[in-house]
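Data first, discussion second: the structure below is written as structure tokens.
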Amino acid sequence: MDYKTAARELGKGNASPVYIAYGSESFLLREFLDFAEQKLVGPEYRDFAVSKYDLAETSLDVVLEDAQTPPFMAPKKLVIAGNAVFFTGAKDSGKAQHQPEKLLDYMKAPPDFSVIVFTVDAEKLDERKKIVKALKDVAIPFAPLHADGLLQWVVRLAERKSFTFAEGAADQLILYAGGSLQTLAAEIEKLSLYVGTGGVADGAIVDKLVTRSTEQNVFILIDDIVRLRLNRAFSILYDLLKQREEPVKLVLLIARQFRIVLQVKELSKQGLSHQQMASQLGLHPYAVKIAAEQGHKFAPEKLERIIDQLAELDYKMKTGKIDKVVGLEMFLLGLAA
């Protein structure tokens, strides 16, 4: 079950007595929990009908006992149990002891007034376990959105904030802010306040308002070089230097990005999707998409030479054989050529 299907069923009043929410995209998971709370309980009953437990500290017995206790002054109750490591293959280092088979007994006759949501920060569940097999239909993954899904999410959130993006501006926002939904939501809130209701955020506004990390600036710098936007690339470089960023650090970040481009290029030959490559490389799918686009400009042999050049530049910088800023400028000019 995906989170959209689960949310639709919740909205129709067809809640499952138990859900297992897992995955690394914590922002979407929190949104799902907020939605479940809104639909099942409502703000007027929140203090009486929402319970939260940490299974690292509290046993499963306590959670199930709470779920079997009728709600006070509310038609339904929501029980949220975090750190449900016993659904995964990881070692449970928490203080509490659990007997997951008791959850199977609970599911034989669950009360109609309670919904339990177990959460766990894990990429996958251990499907060999009896408890996971029994509840696989209510297991909801919260993985990072793929590139197209991320763009759609950004556009929809802007619409909810009553503004729109000009053509290309939503892509630009993601390029600047990265794939973190938490960061993107904060930047979209900032843009909505700036353009106002019914406003349009264009590329110039995104460029003016959106905060960029050093890593993202390097990411953009390389993208500008690849696309031969030299003036903007050097403008970013000089801004980074004005911010007292160490040139050696910038070389390391540039080398990291070119290694990613090479890895994505090699993995794409194996027929892997952006999502699969992102999982294998520990990256966001959008970063993989951009790296794949950058890779179209380079043959693998050229990428290997660039990485070797950066290693040599790093050595010369650290041994004083070249001025650090001049070395960076020469490298970027050579790359563009």
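Chain identifiers are assigned as A, B, and so on, following the order in which chains appear in the structure tokens; residues are numbered from 1 within each chain, and ligands are numbered from 1 in order of appearance.
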Kindly provide the residues of region 197-300 of chain A that approach region 159-165 of chain A to within 7 Å, each paired with its closest atom pair and their distance in Å to one decimal, based on only C-alpha atoms, listed by chain and increasing number, as JSON lines.
{"residue": "A:Thr197", "atom": "CA", "partner": "A:Ser162", "partner_atom": "CA", "distance": 5.2}
{"residue": "A:Gly198", "atom": "CA", "partner": "A:Phe163", "partner_atom": "CA", "distance": 4.9}
{"residue": "A:Gly199", "atom": "CA", "partner": "A:Phe163", "partner_atom": "CA", "distance": 5.0}
{"residue": "A:Val200", "atom": "CA", "partner": "A:Thr164", "partner_atom": "CA", "distance": 4.9}
{"residue": "A:Ala201", "atom": "CA", "partner": "A:Phe165", "partner_atom": "CA", "distance": 4.8}
{"residue": "A:Asp202", "atom": "CA", "partner": "A:Phe165", "partner_atom": "CA", "distance": 6.0}
Identify, with DSSP run on backbone atoms, the residues in region 147-178 of chain A assigned to alpha helix (DSSP H), and express the list as a count of residues only. 23
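From CA of Thr69 (chain A) back to CA of Ala6 (chain A), the distance works out to 24.4 Å.
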Using Å and a single decimal, report how far CA of Phe72 (chain A) sits from CA of Gln99 (chain A). 27.3 Å
Smallest atom-to-atom distance to Leu335 (chain A): which of A:Leu237, A:Ile307, A:Ile225, A:Val85, using only C-alpha atoms? A:Ile225
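Comparing A:Gln38, A:Thr119, A:Gln68, A:Asn14 by their smallest distance to Phe142 (chain A), the closest is A:Thr119 (using only C-alpha atoms).
Taking CA of Gln257 (chain A) as the reference point, CA of Gln182 (chain A) is found at 23.0 Å.
With only C-alpha atoms as the atoms that count, the minimum distance from Glu167 (chain A) to the choices A:Val155, A:Arg244, A:Gln97, A:Pro300 is reached by A:Val155.
Among the candidates A:Leu272, A:Met317, A:Ala287, A:Val218, the one nearest to Leu253 (chain A) when counting only C-alpha atoms is A:Val218.
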From the DSSP assignment of the backbone, select every residue of region 49-243 of chain A that is strand (DSSP E), and format the answer as a PyMOL selection string. chain A and resi 50-54+77-82+114-120+139-141+164-165+200-201
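Proximity of A:Leu145, A:Leu103, A:Leu60, A:Met73 to Lys130 (chain A), computed with only C-alpha atoms, is greatest for A:Leu103.
Using only C-alpha atoms, the contacts of Ile290 (chain A) at a cut-off of 10 Å, with sequence neighbours closer than 4 positions omitted, comprise Ala147, Leu175, Phe219, Ile220, Asp223, Val261, Val264, Pro285, Tyr286, Gln294 and Gly295 of chain A.
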With N, CA and C atoms kept, could you save the residues just selected as a short mmCIF file (atom, residue, chain, number, x, y, z; two decimals), in the first residue's frame?
data_model
loop_
_atom_site.label_atom_id
_atom_site.label_comp_id
_atom_site.auth_asym_id
_atom_site.auth_seq_id
_atom_site.Cartn_x
_atom_site.Cartn_y
_atom_site.Cartn_z
N ALA A 147 12.21 11.91 -9.23
CA ALA A 147 12.38 13.28 -9.74
C ALA A 147 11.06 13.91 -10.18
N LEU A 175 16.78 22.44 -7.68
CA LEU A 175 18.22 22.46 -7.91
C LEU A 175 18.94 23.25 -6.82
N PHE A 219 27.07 22.04 -6.78
CA PHE A 219 26.21 21.28 -7.69
C PHE A 219 25.78 22.17 -8.86
N ILE A 220 25.34 23.39 -8.54
CA ILE A 220 24.87 24.33 -9.57
C ILE A 220 26.04 24.82 -10.41
N ASP A 223 26.82 22.29 -12.93
CA ASP A 223 25.76 22.26 -13.93
C ASP A 223 25.91 23.43 -14.90
N VAL A 261 28.59 11.55 -11.18
CA VAL A 261 28.23 11.55 -12.59
C VAL A 261 28.75 10.28 -13.27
N VAL A 264 26.76 7.21 -11.99
CA VAL A 264 25.42 7.17 -12.59
C VAL A 264 25.51 6.72 -14.04
N PRO A 285 16.83 10.81 -5.59
CA PRO A 285 16.58 10.55 -7.01
C PRO A 285 16.74 11.79 -7.90
N TYR A 286 16.42 12.98 -7.38
CA TYR A 286 16.57 14.19 -8.20
C TYR A 286 18.04 14.47 -8.49
N GLN A 294 23.96 15.63 -16.68
CA GLN A 294 25.33 16.13 -16.81
C GLN A 294 26.22 15.11 -17.52
N GLY A 295 25.96 13.84 -17.25
CA GLY A 295 26.78 12.78 -17.83
C GLY A 295 26.67 12.69 -19.35
#
I want to know what sits within 9 Å of Phe32 (chain A), based on only C-alpha atoms, with residues of the same chain fewer than 6 positions away left out; could you give that as a ChimeraX atom specification? /A:3-4,6-7
